[in-house]
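K.L.:
File query_30.txt below, compact mmCIF, N, CA and C atoms:
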# COMPACT_ATOMS: atom_id res chain seq x y z
N MET V 1474 0.82 -1.18 0.00
CA MET V 1474 0.00 0.00 0.00
C MET V 1474 0.87 1.25 0.00
N LEU V 1475 1.97 1.18 0.75
CA LEU V 1475 2.86 2.33 0.80
C LEU V 1475 3.51 2.59 -0.56
N ALA V 1476 3.93 1.54 -1.23
CA ALA V 1476 4.53 1.70 -2.55
C ALA V 1476 3.54 2.34 -3.52
N LEU V 1477 2.30 1.91 -3.47
CA LEU V 1477 1.28 2.48 -4.34
C LEU V 1477 1.06 3.96 -4.03
N LEU V 1478 1.07 4.30 -2.75
CA LEU V 1478 0.91 5.70 -2.34
C LEU V 1478 2.06 6.55 -2.87
N VAL V 1479 3.28 6.06 -2.71
CA VAL V 1479 4.45 6.80 -3.18
C VAL V 1479 4.39 6.99 -4.69
N LEU V 1480 4.08 5.92 -5.42
CA LEU V 1480 4.00 6.02 -6.88
C LEU V 1480 2.90 6.99 -7.31
N SER V 1481 1.81 7.02 -6.56
CA SER V 1481 0.68 7.88 -6.92
C SER V 1481 0.92 9.35 -6.62
N LEU V 1482 1.78 9.63 -5.66
CA LEU V 1482 2.02 11.01 -5.26
C LEU V 1482 3.34 11.58 -5.77
N ALA V 1483 4.17 10.74 -6.35
CA ALA V 1483 5.46 11.21 -6.88
C ALA V 1483 5.19 12.18 -8.04
N PRO V 1484 6.09 13.12 -8.23
CA PRO V 1484 5.91 14.04 -9.37
C PRO V 1484 5.78 13.28 -10.68
N ALA V 1485 4.88 13.75 -11.53
CA ALA V 1485 4.65 13.08 -12.81
C ALA V 1485 5.90 13.09 -13.67
N SER V 1486 6.78 14.03 -13.43
CA SER V 1486 8.01 14.11 -14.22
C SER V 1486 9.04 13.08 -13.80
N ALA V 1487 8.86 12.45 -12.65
CA ALA V 1487 9.81 11.44 -12.18
C ALA V 1487 9.74 10.20 -13.06
N SER V 1488 10.86 9.52 -13.19
CA SER V 1488 10.91 8.28 -13.97
C SER V 1488 10.36 7.15 -13.11
N LEU V 1489 9.12 6.76 -13.38
CA LEU V 1489 8.43 5.75 -12.58
C LEU V 1489 8.06 4.55 -13.44
N PRO V 1490 7.91 3.37 -12.84
CA PRO V 1490 7.43 2.23 -13.61
C PRO V 1490 6.01 2.51 -14.09
N THR V 1491 5.70 2.10 -15.31
CA THR V 1491 4.38 2.37 -15.86
C THR V 1491 3.99 1.32 -16.90
N THR V 1492 2.69 1.17 -17.07
CA THR V 1492 2.18 0.32 -18.15
C THR V 1492 2.05 1.12 -19.44
N GLY V 1493 2.18 2.43 -19.32
CA GLY V 1493 2.03 3.30 -20.48
C GLY V 1493 0.66 3.98 -20.54
N TRP V 1494 -0.24 3.57 -19.66
CA TRP V 1494 -1.58 4.17 -19.62
C TRP V 1494 -1.98 4.32 -18.16
N ASP V 1495 -2.32 5.53 -17.77
CA ASP V 1495 -2.62 5.84 -16.37
C ASP V 1495 -3.69 4.92 -15.78
N LYS V 1496 -4.75 4.67 -16.51
CA LYS V 1496 -5.84 3.84 -15.97
C LYS V 1496 -5.39 2.40 -15.76
N ALA V 1497 -4.54 1.91 -16.65
CA ALA V 1497 -3.99 0.56 -16.48
C ALA V 1497 -3.06 0.51 -15.26
N ASN V 1498 -2.33 1.59 -15.01
CA ASN V 1498 -1.49 1.66 -13.81
C ASN V 1498 -2.35 1.51 -12.56
N HIS V 1499 -3.47 2.24 -12.53
CA HIS V 1499 -4.38 2.16 -11.39
C HIS V 1499 -4.95 0.74 -11.25
N ALA V 1500 -5.43 0.21 -12.35
CA ALA V 1500 -6.04 -1.13 -12.31
C ALA V 1500 -5.03 -2.18 -11.86
N LEU V 1501 -3.82 -2.11 -12.37
CA LEU V 1501 -2.80 -3.09 -11.99
C LEU V 1501 -2.43 -2.97 -10.51
N GLY V 1502 -2.19 -1.76 -10.06
CA GLY V 1502 -1.83 -1.56 -8.65
C GLY V 1502 -2.92 -2.05 -7.71
N PHE V 1503 -4.17 -1.74 -8.04
CA PHE V 1503 -5.26 -2.14 -7.16
C PHE V 1503 -5.64 -3.61 -7.34
N ALA V 1504 -5.31 -4.19 -8.49
CA ALA V 1504 -5.50 -5.64 -8.64
C ALA V 1504 -4.58 -6.39 -7.67
N VAL V 1505 -3.36 -5.90 -7.54
CA VAL V 1505 -2.43 -6.51 -6.59
C VAL V 1505 -2.97 -6.37 -5.17
N LEU V 1506 -3.46 -5.18 -4.83
CA LEU V 1506 -4.04 -4.98 -3.49
C LEU V 1506 -5.27 -5.86 -3.28
N GLY V 1507 -6.10 -5.99 -4.30
CA GLY V 1507 -7.29 -6.84 -4.19
C GLY V 1507 -6.92 -8.30 -3.99
N LEU V 1508 -5.94 -8.77 -4.72
CA LEU V 1508 -5.46 -10.15 -4.59
C LEU V 1508 -4.91 -10.39 -3.18
N LEU V 1509 -4.01 -9.52 -2.75
CA LEU V 1509 -3.40 -9.68 -1.44
C LEU V 1509 -4.41 -9.51 -0.31
N GLY V 1510 -5.33 -8.57 -0.48
CA GLY V 1510 -6.37 -8.36 0.53
C GLY V 1510 -7.27 -9.57 0.66
N GLN V 1511 -7.61 -10.16 -0.45
CA GLN V 1511 -8.47 -11.35 -0.44
C GLN V 1511 -7.77 -12.52 0.24
N TRP V 1512 -6.47 -12.66 -0.02
CA TRP V 1512 -5.71 -13.74 0.61
C TRP V 1512 -5.50 -13.47 2.09
N ALA V 1513 -5.30 -12.21 2.46
CA ALA V 1513 -5.03 -11.87 3.86
C ALA V 1513 -6.28 -12.01 4.73
N TRP V 1514 -7.43 -11.66 4.18
CA TRP V 1514 -8.67 -11.71 4.95
C TRP V 1514 -9.75 -12.45 4.15
N PRO V 1515 -9.59 -13.75 3.97
CA PRO V 1515 -10.58 -14.51 3.21
C PRO V 1515 -11.95 -14.46 3.90
N GLY V 1516 -12.97 -14.41 3.10
CA GLY V 1516 -14.32 -14.37 3.64
C GLY V 1516 -14.78 -12.98 4.02
N ARG V 1517 -13.92 -11.99 3.86
CA ARG V 1517 -14.29 -10.61 4.18
C ARG V 1517 -14.15 -9.73 2.95
N THR V 1518 -14.51 -10.27 1.82
CA THR V 1518 -14.30 -9.60 0.55
C THR V 1518 -14.91 -8.21 0.50
N ALA V 1519 -16.17 -8.09 0.89
CA ALA V 1519 -16.84 -6.79 0.79
C ALA V 1519 -16.15 -5.74 1.64
N ILE V 1520 -15.77 -6.09 2.84
CA ILE V 1520 -15.11 -5.14 3.74
C ILE V 1520 -13.74 -4.76 3.19
N VAL V 1521 -12.98 -5.75 2.75
CA VAL V 1521 -11.63 -5.51 2.23
C VAL V 1521 -11.69 -4.63 0.99
N LEU V 1522 -12.56 -4.97 0.04
CA LEU V 1522 -12.62 -4.20 -1.19
C LEU V 1522 -13.14 -2.78 -0.94
N THR V 1523 -14.07 -2.63 -0.03
CA THR V 1523 -14.58 -1.30 0.31
C THR V 1523 -13.48 -0.46 0.95
N ALA V 1524 -12.73 -1.05 1.86
CA ALA V 1524 -11.62 -0.33 2.51
C ALA V 1524 -10.55 0.05 1.50
N LEU V 1525 -10.23 -0.85 0.59
CA LEU V 1525 -9.21 -0.55 -0.41
C LEU V 1525 -9.69 0.50 -1.40
N LEU V 1526 -10.96 0.49 -1.74
CA LEU V 1526 -11.50 1.53 -2.61
C LEU V 1526 -11.47 2.88 -1.90
N ALA V 1527 -11.76 2.89 -0.60
CA ALA V 1527 -11.65 4.13 0.18
C ALA V 1527 -10.20 4.62 0.18
N TYR V 1528 -9.26 3.69 0.24
CA TYR V 1528 -7.84 4.05 0.15
C TYR V 1528 -7.55 4.71 -1.20
N GLY V 1529 -8.12 4.16 -2.27
CA GLY V 1529 -7.98 4.78 -3.59
C GLY V 1529 -8.56 6.19 -3.61
N GLY V 1530 -9.69 6.37 -2.92
CA GLY V 1530 -10.28 7.70 -2.82
C GLY V 1530 -9.37 8.65 -2.06
N LEU V 1531 -8.74 8.16 -1.00
CA LEU V 1531 -7.80 8.98 -0.25
C LEU V 1531 -6.62 9.40 -1.12
N ILE V 1532 -6.12 8.47 -1.92
CA ILE V 1532 -5.02 8.79 -2.83
C ILE V 1532 -5.45 9.89 -3.80
N GLU V 1533 -6.65 9.77 -4.35
CA GLU V 1533 -7.15 10.81 -5.27
C GLU V 1533 -7.25 12.15 -4.57
N LEU V 1534 -7.73 12.15 -3.35
CA LEU V 1534 -7.83 13.38 -2.58
C LEU V 1534 -6.45 13.99 -2.36
N LEU V 1535 -5.49 13.16 -1.98
CA LEU V 1535 -4.13 13.66 -1.77
C LEU V 1535 -3.52 14.18 -3.06
N GLN V 1536 -3.83 13.53 -4.19
CA GLN V 1536 -3.31 14.00 -5.47
C GLN V 1536 -3.83 15.40 -5.80
N SER V 1537 -5.01 15.73 -5.33
CA SER V 1537 -5.56 17.06 -5.63
C SER V 1537 -4.76 18.17 -4.94
N PHE V 1538 -3.94 17.81 -3.96
CA PHE V 1538 -3.11 18.79 -3.26
C PHE V 1538 -1.69 18.86 -3.81
N THR V 1539 -1.36 18.03 -4.79
CA THR V 1539 -0.02 18.07 -5.37
C THR V 1539 -0.02 18.99 -6.58
N PRO V 1540 1.13 19.59 -6.88
CA PRO V 1540 1.16 20.57 -7.97
C PRO V 1540 1.01 19.98 -9.37
N ASP V 1541 1.43 18.74 -9.58
CA ASP V 1541 1.39 18.21 -10.95
C ASP V 1541 0.57 16.92 -11.08
N ARG V 1542 -0.30 16.66 -10.13
CA ARG V 1542 -1.22 15.52 -10.20
C ARG V 1542 -2.64 16.06 -10.08
N ILE V 1543 -3.59 15.33 -10.64
CA ILE V 1543 -4.99 15.73 -10.51
C ILE V 1543 -5.82 14.53 -10.06
N ALA V 1544 -6.87 14.82 -9.32
CA ALA V 1544 -7.79 13.77 -8.88
C ALA V 1544 -8.81 13.55 -9.99
N GLU V 1545 -9.06 12.30 -10.33
CA GLU V 1545 -10.01 11.96 -11.38
C GLU V 1545 -10.92 10.83 -10.93
N ALA V 1546 -12.21 10.98 -11.18
CA ALA V 1546 -13.17 9.92 -10.88
C ALA V 1546 -12.85 8.68 -11.70
N ALA V 1547 -12.36 8.86 -12.92
CA ALA V 1547 -12.02 7.71 -13.77
C ALA V 1547 -10.90 6.88 -13.15
N ASP V 1548 -10.00 7.51 -12.40
CA ASP V 1548 -8.95 6.76 -11.71
C ASP V 1548 -9.57 5.87 -10.63
N LEU V 1549 -10.55 6.40 -9.93
CA LEU V 1549 -11.22 5.61 -8.89
C LEU V 1549 -11.98 4.43 -9.52
N LEU V 1550 -12.55 4.64 -10.68
CA LEU V 1550 -13.21 3.55 -11.40
C LEU V 1550 -12.19 2.49 -11.81
N ALA V 1551 -11.03 2.92 -12.28
CA ALA V 1551 -9.97 1.97 -12.64
C ALA V 1551 -9.49 1.21 -11.40
N ASP V 1552 -9.43 1.90 -10.25
CA ASP V 1552 -9.08 1.22 -9.00
C ASP V 1552 -10.10 0.11 -8.70
N TRP V 1553 -11.37 0.42 -8.86
CA TRP V 1553 -12.45 -0.54 -8.57
C TRP V 1553 -12.35 -1.75 -9.50
N VAL V 1554 -12.11 -1.49 -10.78
CA VAL V 1554 -11.97 -2.60 -11.74
C VAL V 1554 -10.78 -3.48 -11.33
N GLY V 1555 -9.68 -2.85 -10.96
CA GLY V 1555 -8.51 -3.61 -10.52
C GLY V 1555 -8.79 -4.43 -9.28
N LEU V 1556 -9.49 -3.84 -8.32
CA LEU V 1556 -9.83 -4.58 -7.10
C LEU V 1556 -10.67 -5.81 -7.42
N LEU V 1557 -11.65 -5.66 -8.30
CA LEU V 1557 -12.50 -6.79 -8.67
C LEU V 1557 -11.70 -7.87 -9.39
N LEU V 1558 -10.81 -7.45 -10.28
CA LEU V 1558 -9.97 -8.43 -10.99
C LEU V 1558 -9.03 -9.16 -10.01
N GLY V 1559 -8.43 -8.42 -9.11
CA GLY V 1559 -7.52 -9.04 -8.14
C GLY V 1559 -8.23 -10.00 -7.21
N ALA V 1560 -9.40 -9.59 -6.70
CA ALA V 1560 -10.16 -10.48 -5.81
C ALA V 1560 -10.66 -11.70 -6.58
N GLY V 1561 -11.07 -11.49 -7.83
CA GLY V 1561 -11.51 -12.61 -8.66
C GLY V 1561 -10.38 -13.59 -8.93
N LEU V 1562 -9.20 -13.07 -9.19
CA LEU V 1562 -8.04 -13.93 -9.42
C LEU V 1562 -7.70 -14.72 -8.15
N ALA V 1563 -7.78 -14.07 -7.00
CA ALA V 1563 -7.53 -14.76 -5.74
C ALA V 1563 -8.52 -15.90 -5.56
N PHE V 1564 -9.78 -15.64 -5.86
CA PHE V 1564 -10.81 -16.66 -5.75
C PHE V 1564 -10.50 -17.84 -6.67
N LEU V 1565 -10.15 -17.55 -7.93
CA LEU V 1565 -9.84 -18.62 -8.88
C LEU V 1565 -8.61 -19.43 -8.46
N LEU V 1566 -7.59 -18.75 -8.01
CA LEU V 1566 -6.38 -19.45 -7.57
C LEU V 1566 -6.66 -20.31 -6.35
N ASP V 1567 -7.41 -19.78 -5.39
CA ASP V 1567 -7.77 -20.55 -4.20
C ASP V 1567 -8.58 -21.78 -4.58
N LYS V 1568 -9.50 -21.60 -5.50
CA LYS V 1568 -10.35 -22.72 -5.92
C LYS V 1568 -9.52 -23.79 -6.63
N ASN V 1569 -8.59 -23.37 -7.49
CA ASN V 1569 -7.75 -24.32 -8.22
C ASN V 1569 -6.77 -25.05 -7.28
N PHE V 1570 -6.21 -24.33 -6.32
CA PHE V 1570 -5.23 -24.95 -5.44
C PHE V 1570 -5.87 -25.75 -4.32
N SER V 1571 -7.15 -25.54 -4.06
CA SER V 1571 -7.81 -26.30 -3.00
C SER V 1571 -8.34 -27.63 -3.54
N GLY V 1572 -8.25 -27.83 -4.86
CA GLY V 1572 -8.67 -29.10 -5.44
C GLY V 1572 -10.12 -29.16 -5.82
N GLU V 1573 -10.85 -28.07 -5.69
CA GLU V 1573 -12.25 -28.06 -6.09
C GLU V 1573 -12.35 -28.12 -7.60
N SER V 1574 -13.32 -28.84 -8.10
CA SER V 1574 -13.52 -28.90 -9.54
C SER V 1574 -14.37 -27.71 -9.97
N THR V 1575 -14.16 -27.28 -11.22
CA THR V 1575 -14.90 -26.12 -11.73
C THR V 1575 -16.12 -26.55 -12.51
Would it be possible to restate this file's structure as structure tokens?

P.N.:
Amino acid sequence: MLALLVLSLAPASASLPTTGWDKANHALGFAVLGLLGQWAWPGRTAIVLTALLAYGGLIELLQSFTPDRIAEAADLLADWVGLLLGAGLAFLLDKNFSGEST
């Protein structure tokens, strides 16, 4: 979470890792958080994803106070998509590794 915060608040001019598209950066970062959150607190998906989305909202709020970053609702939507993908991937991996048939 700290790495995502630093990457999100660093000056846009800094040389940072990127997918090449801002929305994909958001989705990828939050997919990792969704995956890890799902594994850390299984069975609490709604709470974990809601808390992580609120974290994304906090990041957007903080970006509005930086000189070269802007807060965008589309970024929060990309965060949500990433969270759903990450939690879904965690579910699929858990199901496959637990031996359940699909």

K.L.:
Have a look at atom C of Gln1536 (chain V) and atom N of Leu1550 (chain V) and let me know their distance in Å, one decimal.

P.N.:
14.7 Å

K.L.:
Just the residues within 9 Å of Val1505 (chain V), please, counting only C-alpha atoms, with nothing from its chain fewer than 2 positions along; format it as number ranges by chain.

P.N.:
V: 1500-1503, 1507-1510, 1555-1556, 1558-1560

K.L.:
Could you produce a table of the residues of region 1486-1540 of chain V lying within 12 Å of region 1475-1481 of chain V, with the nearest pair of atoms per residue and their separation in Å rounded to one decimal, using only C-alpha atoms, ordered by chain and increasing residue number, as JSON lines?

P.N.:
{"residue": "V:Ser1486", "atom": "CA", "partner": "V:Leu1480", "partner_atom": "CA", "distance": 11.6}
{"residue": "V:Ala1487", "atom": "CA", "partner": "V:Leu1480", "partner_atom": "CA", "distance": 9.6}
{"residue": "V:Ser1488", "atom": "CA", "partner": "V:Leu1480", "partner_atom": "CA", "distance": 10.2}
{"residue": "V:Leu1489", "atom": "CA", "partner": "V:Leu1480", "partner_atom": "CA", "distance": 7.2}
{"residue": "V:Pro1490", "atom": "CA", "partner": "V:Leu1480", "partner_atom": "CA", "distance": 8.5}
{"residue": "V:Thr1491", "atom": "CA", "partner": "V:Leu1480", "partner_atom": "CA", "distance": 9.7}
{"residue": "V:Asp1495", "atom": "CA", "partner": "V:Ser1481", "partner_atom": "CA", "distance": 10.2}
{"residue": "V:Lys1496", "atom": "CA", "partner": "V:Ser1481", "partner_atom": "CA", "distance": 11.9}
{"residue": "V:Asn1498", "atom": "CA", "partner": "V:Ser1481", "partner_atom": "CA", "distance": 9.5}
{"residue": "V:His1499", "atom": "CA", "partner": "V:Ser1481", "partner_atom": "CA", "distance": 8.8}
{"residue": "V:Ala1500", "atom": "CA", "partner": "V:Leu1477", "partner_atom": "CA", "distance": 11.4}
{"residue": "V:Leu1501", "atom": "CA", "partner": "V:Leu1477", "partner_atom": "CA", "distance": 10.3}
{"residue": "V:Gly1502", "atom": "CA", "partner": "V:Leu1477", "partner_atom": "CA", "distance": 6.7}
{"residue": "V:Phe1503", "atom": "CA", "partner": "V:Leu1477", "partner_atom": "CA", "distance": 8.5}
{"residue": "V:Ala1504", "atom": "CA", "partner": "V:Leu1477", "partner_atom": "CA", "distance": 11.4}
{"residue": "V:Val1505", "atom": "CA", "partner": "V:Leu1477", "partner_atom": "CA", "distance": 10.0}
{"residue": "V:Leu1506", "atom": "CA", "partner": "V:Leu1477", "partner_atom": "CA", "distance": 9.2}
{"residue": "V:Leu1525", "atom": "CA", "partner": "V:Leu1477", "partner_atom": "CA", "distance": 11.6}
{"residue": "V:Tyr1528", "atom": "CA", "partner": "V:Leu1478", "partner_atom": "CA", "distance": 9.2}
{"residue": "V:Gly1529", "atom": "CA", "partner": "V:Leu1478", "partner_atom": "CA", "distance": 9.0}
{"residue": "V:Gly1530", "atom": "CA", "partner": "V:Leu1478", "partner_atom": "CA", "distance": 11.4}
{"residue": "V:Leu1531", "atom": "CA", "partner": "V:Leu1478", "partner_atom": "CA", "distance": 9.5}
{"residue": "V:Ile1532", "atom": "CA", "partner": "V:Leu1478", "partner_atom": "CA", "distance": 6.7}
{"residue": "V:Glu1533", "atom": "CA", "partner": "V:Ser1481", "partner_atom": "CA", "distance": 8.5}
{"residue": "V:Leu1534", "atom": "CA", "partner": "V:Ser1481", "partner_atom": "CA", "distance": 11.0}
{"residue": "V:Leu1535", "atom": "CA", "partner": "V:Ser1481", "partner_atom": "CA", "distance": 9.1}
{"residue": "V:Gln1536", "atom": "CA", "partner": "V:Ser1481", "partner_atom": "CA", "distance": 7.4}
{"residue": "V:Ser1537", "atom": "CA", "partner": "V:Ser1481", "partner_atom": "CA", "distance": 11.2}
{"residue": "V:Thr1539", "atom": "CA", "partner": "V:Ser1481", "partner_atom": "CA", "distance": 10.3}

K.L.:
Could you turn the residues from that selection into a file that holds N, CA and C atoms, as a compact mmCIF listing (two decimals), in the frame of the given file?

P.N.:
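Writing done, so here's result_22.txt:
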# COMPACT_ATOMS: atom_id res chain seq x y z
N SER V 1486 6.78 14.03 -13.43
CA SER V 1486 8.01 14.11 -14.22
C SER V 1486 9.04 13.08 -13.80
N ALA V 1487 8.86 12.45 -12.65
CA ALA V 1487 9.81 11.44 -12.18
C ALA V 1487 9.74 10.20 -13.06
N SER V 1488 10.86 9.52 -13.19
CA SER V 1488 10.91 8.28 -13.97
C SER V 1488 10.36 7.15 -13.11
N LEU V 1489 9.12 6.76 -13.38
CA LEU V 1489 8.43 5.75 -12.58
C LEU V 1489 8.06 4.55 -13.44
N PRO V 1490 7.91 3.37 -12.84
CA PRO V 1490 7.43 2.23 -13.61
C PRO V 1490 6.01 2.51 -14.09
N THR V 1491 5.70 2.10 -15.31
CA THR V 1491 4.38 2.37 -15.86
C THR V 1491 3.99 1.32 -16.90
N ASP V 1495 -2.32 5.53 -17.77
CA ASP V 1495 -2.62 5.84 -16.37
C ASP V 1495 -3.69 4.92 -15.78
N LYS V 1496 -4.75 4.67 -16.51
CA LYS V 1496 -5.84 3.84 -15.97
C LYS V 1496 -5.39 2.40 -15.76
N ASN V 1498 -2.33 1.59 -15.01
CA ASN V 1498 -1.49 1.66 -13.81
C ASN V 1498 -2.35 1.51 -12.56
N HIS V 1499 -3.47 2.24 -12.53
CA HIS V 1499 -4.38 2.16 -11.39
C HIS V 1499 -4.95 0.74 -11.25
N ALA V 1500 -5.43 0.21 -12.35
CA ALA V 1500 -6.04 -1.13 -12.31
C ALA V 1500 -5.03 -2.18 -11.86
N LEU V 1501 -3.82 -2.11 -12.37
CA LEU V 1501 -2.80 -3.09 -11.99
C LEU V 1501 -2.43 -2.97 -10.51
N GLY V 1502 -2.19 -1.76 -10.06
CA GLY V 1502 -1.83 -1.56 -8.65
C GLY V 1502 -2.92 -2.05 -7.71
N PHE V 1503 -4.17 -1.74 -8.04
CA PHE V 1503 -5.26 -2.14 -7.16
C PHE V 1503 -5.64 -3.61 -7.34
N ALA V 1504 -5.31 -4.19 -8.49
CA ALA V 1504 -5.50 -5.64 -8.64
C ALA V 1504 -4.58 -6.39 -7.67
N VAL V 1505 -3.36 -5.90 -7.54
CA VAL V 1505 -2.43 -6.51 -6.59
C VAL V 1505 -2.97 -6.37 -5.17
N LEU V 1506 -3.46 -5.18 -4.83
CA LEU V 1506 -4.04 -4.98 -3.49
C LEU V 1506 -5.27 -5.86 -3.28
N LEU V 1525 -10.23 -0.85 0.59
CA LEU V 1525 -9.21 -0.55 -0.41
C LEU V 1525 -9.69 0.50 -1.40
N TYR V 1528 -9.26 3.69 0.24
CA TYR V 1528 -7.84 4.05 0.15
C TYR V 1528 -7.55 4.71 -1.20
N GLY V 1529 -8.12 4.16 -2.27
CA GLY V 1529 -7.98 4.78 -3.59
C GLY V 1529 -8.56 6.19 -3.61
N GLY V 1530 -9.69 6.37 -2.92
CA GLY V 1530 -10.28 7.70 -2.82
C GLY V 1530 -9.37 8.65 -2.06
N LEU V 1531 -8.74 8.16 -1.00
CA LEU V 1531 -7.80 8.98 -0.25
C LEU V 1531 -6.62 9.40 -1.12
N ILE V 1532 -6.12 8.47 -1.92
CA ILE V 1532 -5.02 8.79 -2.83
C ILE V 1532 -5.45 9.89 -3.80
N GLU V 1533 -6.65 9.77 -4.35
CA GLU V 1533 -7.15 10.81 -5.27
C GLU V 1533 -7.25 12.15 -4.57
N LEU V 1534 -7.73 12.15 -3.35
CA LEU V 1534 -7.83 13.38 -2.58
C LEU V 1534 -6.45 13.99 -2.36
N LEU V 1535 -5.49 13.16 -1.98
CA LEU V 1535 -4.13 13.66 -1.77
C LEU V 1535 -3.52 14.18 -3.06
N GLN V 1536 -3.83 13.53 -4.19
CA GLN V 1536 -3.31 14.00 -5.47
C GLN V 1536 -3.83 15.40 -5.80
N SER V 1537 -5.01 15.73 -5.33
CA SER V 1537 -5.56 17.06 -5.63
C SER V 1537 -4.76 18.17 -4.94
N THR V 1539 -1.36 18.03 -4.79
CA THR V 1539 -0.02 18.07 -5.37
C THR V 1539 -0.02 18.99 -6.58

K.L.:
Quick check, in Å to one decimal: how far apart do CA of Thr1523 (chain V) and atom C of Pro1484 (chain V) lie?

P.N.:
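Computing it gives 27.3 Å between the two atoms.
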
K.L.:
Step one, run DSSP on the backbone; step two, keep only residues of chain V assigned to helix (DSSP H, G or I); then write them as a PyMOL selection string.

P.N.:
chain V and resi 1475-1482+1495-1513+1518-1536+1546-1570

K.L.:
Out of V:Ala1483, V:Leu1522, V:Met1474, V:Trp1512, which residue has the shortest atom-to-atom distance to Leu1566 (chain V) when counting only C-alpha atoms?

P.N.:
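Nearest candidate to Leu1566 (chain V) out of V:Ala1483, V:Leu1522, V:Met1474, V:Trp1512: V:Trp1512.
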
K.L.:
For the atom pair CA of Gly1561 (chain V) and CA of Ala1546 (chain V), what is the interatomic distance in Å to one decimal place?

P.N.:
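We find that CA of Gly1561 (chain V) and CA of Ala1546 (chain V) lie 22.7 Å from each other.
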
K.L.:
Limit the output to N, CA and C atoms and give region 1494-1510 of chain V as a PDB file, in the first residue's frame.

P.N.:
ATOM      1  N   TRP V1494      -0.243   3.571 -19.664  1.00  0.00           N
ATOM      2  CA  TRP V1494      -1.583   4.172 -19.620  1.00  0.00           C
ATOM      3  C   TRP V1494      -1.979   4.324 -18.158  1.00  0.00           C
ATOM      4  N   ASP V1495      -2.318   5.528 -17.767  1.00  0.00           N
ATOM      5  CA  ASP V1495      -2.619   5.839 -16.368  1.00  0.00           C
ATOM      6  C   ASP V1495      -3.685   4.924 -15.776  1.00  0.00           C
ATOM      7  N   LYS V1496      -4.745   4.672 -16.510  1.00  0.00           N
ATOM      8  CA  LYS V1496      -5.843   3.845 -15.968  1.00  0.00           C
ATOM      9  C   LYS V1496      -5.388   2.397 -15.764  1.00  0.00           C
ATOM     10  N   ALA V1497      -4.537   1.909 -16.650  1.00  0.00           N
ATOM     11  CA  ALA V1497      -3.989   0.556 -16.481  1.00  0.00           C
ATOM     12  C   ALA V1497      -3.064   0.507 -15.262  1.00  0.00           C
ATOM     13  N   ASN V1498      -2.329   1.591 -15.008  1.00  0.00           N
ATOM     14  CA  ASN V1498      -1.492   1.658 -13.809  1.00  0.00           C
ATOM     15  C   ASN V1498      -2.352   1.511 -12.560  1.00  0.00           C
ATOM     16  N   HIS V1499      -3.471   2.242 -12.527  1.00  0.00           N
ATOM     17  CA  HIS V1499      -4.378   2.158 -11.390  1.00  0.00           C
ATOM     18  C   HIS V1499      -4.948   0.744 -11.253  1.00  0.00           C
ATOM     19  N   ALA V1500      -5.430   0.209 -12.351  1.00  0.00           N
ATOM     20  CA  ALA V1500      -6.045  -1.127 -12.313  1.00  0.00           C
ATOM     21  C   ALA V1500      -5.035  -2.176 -11.858  1.00  0.00           C
ATOM     22  N   LEU V1501      -3.824  -2.111 -12.368  1.00  0.00           N
ATOM     23  CA  LEU V1501      -2.802  -3.092 -11.993  1.00  0.00           C
ATOM     24  C   LEU V1501      -2.434  -2.975 -10.512  1.00  0.00           C
ATOM     25  N   GLY V1502      -2.193  -1.763 -10.059  1.00  0.00           N
ATOM     26  CA  GLY V1502      -1.834  -1.563  -8.654  1.00  0.00           C
ATOM     27  C   GLY V1502      -2.921  -2.050  -7.709  1.00  0.00           C
ATOM     28  N   PHE V1503      -4.173  -1.740  -8.038  1.00  0.00           N
ATOM     29  CA  PHE V1503      -5.261  -2.143  -7.155  1.00  0.00           C
ATOM     30  C   PHE V1503      -5.642  -3.609  -7.340  1.00  0.00           C
ATOM     31  N   ALA V1504      -5.311  -4.194  -8.486  1.00  0.00           N
ATOM     32  CA  ALA V1504      -5.502  -5.640  -8.639  1.00  0.00           C
ATOM     33  C   ALA V1504      -4.582  -6.385  -7.672  1.00  0.00           C
ATOM     34  N   VAL V1505      -3.362  -5.899  -7.540  1.00  0.00           N
ATOM     35  CA  VAL V1505      -2.429  -6.514  -6.586  1.00  0.00           C
ATOM     36  C   VAL V1505      -2.972  -6.368  -5.167  1.00  0.00           C
ATOM     37  N   LEU V1506      -3.464  -5.175  -4.828  1.00  0.00           N
ATOM     38  CA  LEU V1506      -4.039  -4.978  -3.493  1.00  0.00           C
ATOM     39  C   LEU V1506      -5.267  -5.864  -3.279  1.00  0.00           C
ATOM     40  N   GLY V1507      -6.103  -5.988  -4.302  1.00  0.00           N
ATOM     41  CA  GLY V1507      -7.289  -6.841  -4.188  1.00  0.00           C
ATOM     42  C   GLY V1507      -6.920  -8.303  -3.986  1.00  0.00           C
ATOM     43  N   LEU V1508      -5.941  -8.765  -4.718  1.00  0.00           N
ATOM     44  CA  LEU V1508      -5.464 -10.145  -4.587  1.00  0.00           C
ATOM     45  C   LEU V1508      -4.907 -10.390  -3.183  1.00  0.00           C
ATOM     46  N   LEU V1509      -4.014  -9.520  -2.753  1.00  0.00           N
ATOM     47  CA  LEU V1509      -3.402  -9.683  -1.438  1.00  0.00           C
ATOM     48  C   LEU V1509      -4.415  -9.510  -0.309  1.00  0.00           C
ATOM     49  N   GLY V1510      -5.326  -8.569  -0.479  1.00  0.00           N
ATOM     50  CA  GLY V1510      -6.366  -8.364   0.530  1.00  0.00           C
ATOM     51  C   GLY V1510      -7.274  -9.568   0.665  1.00  0.00           C
TER      52      GLY V1510
END
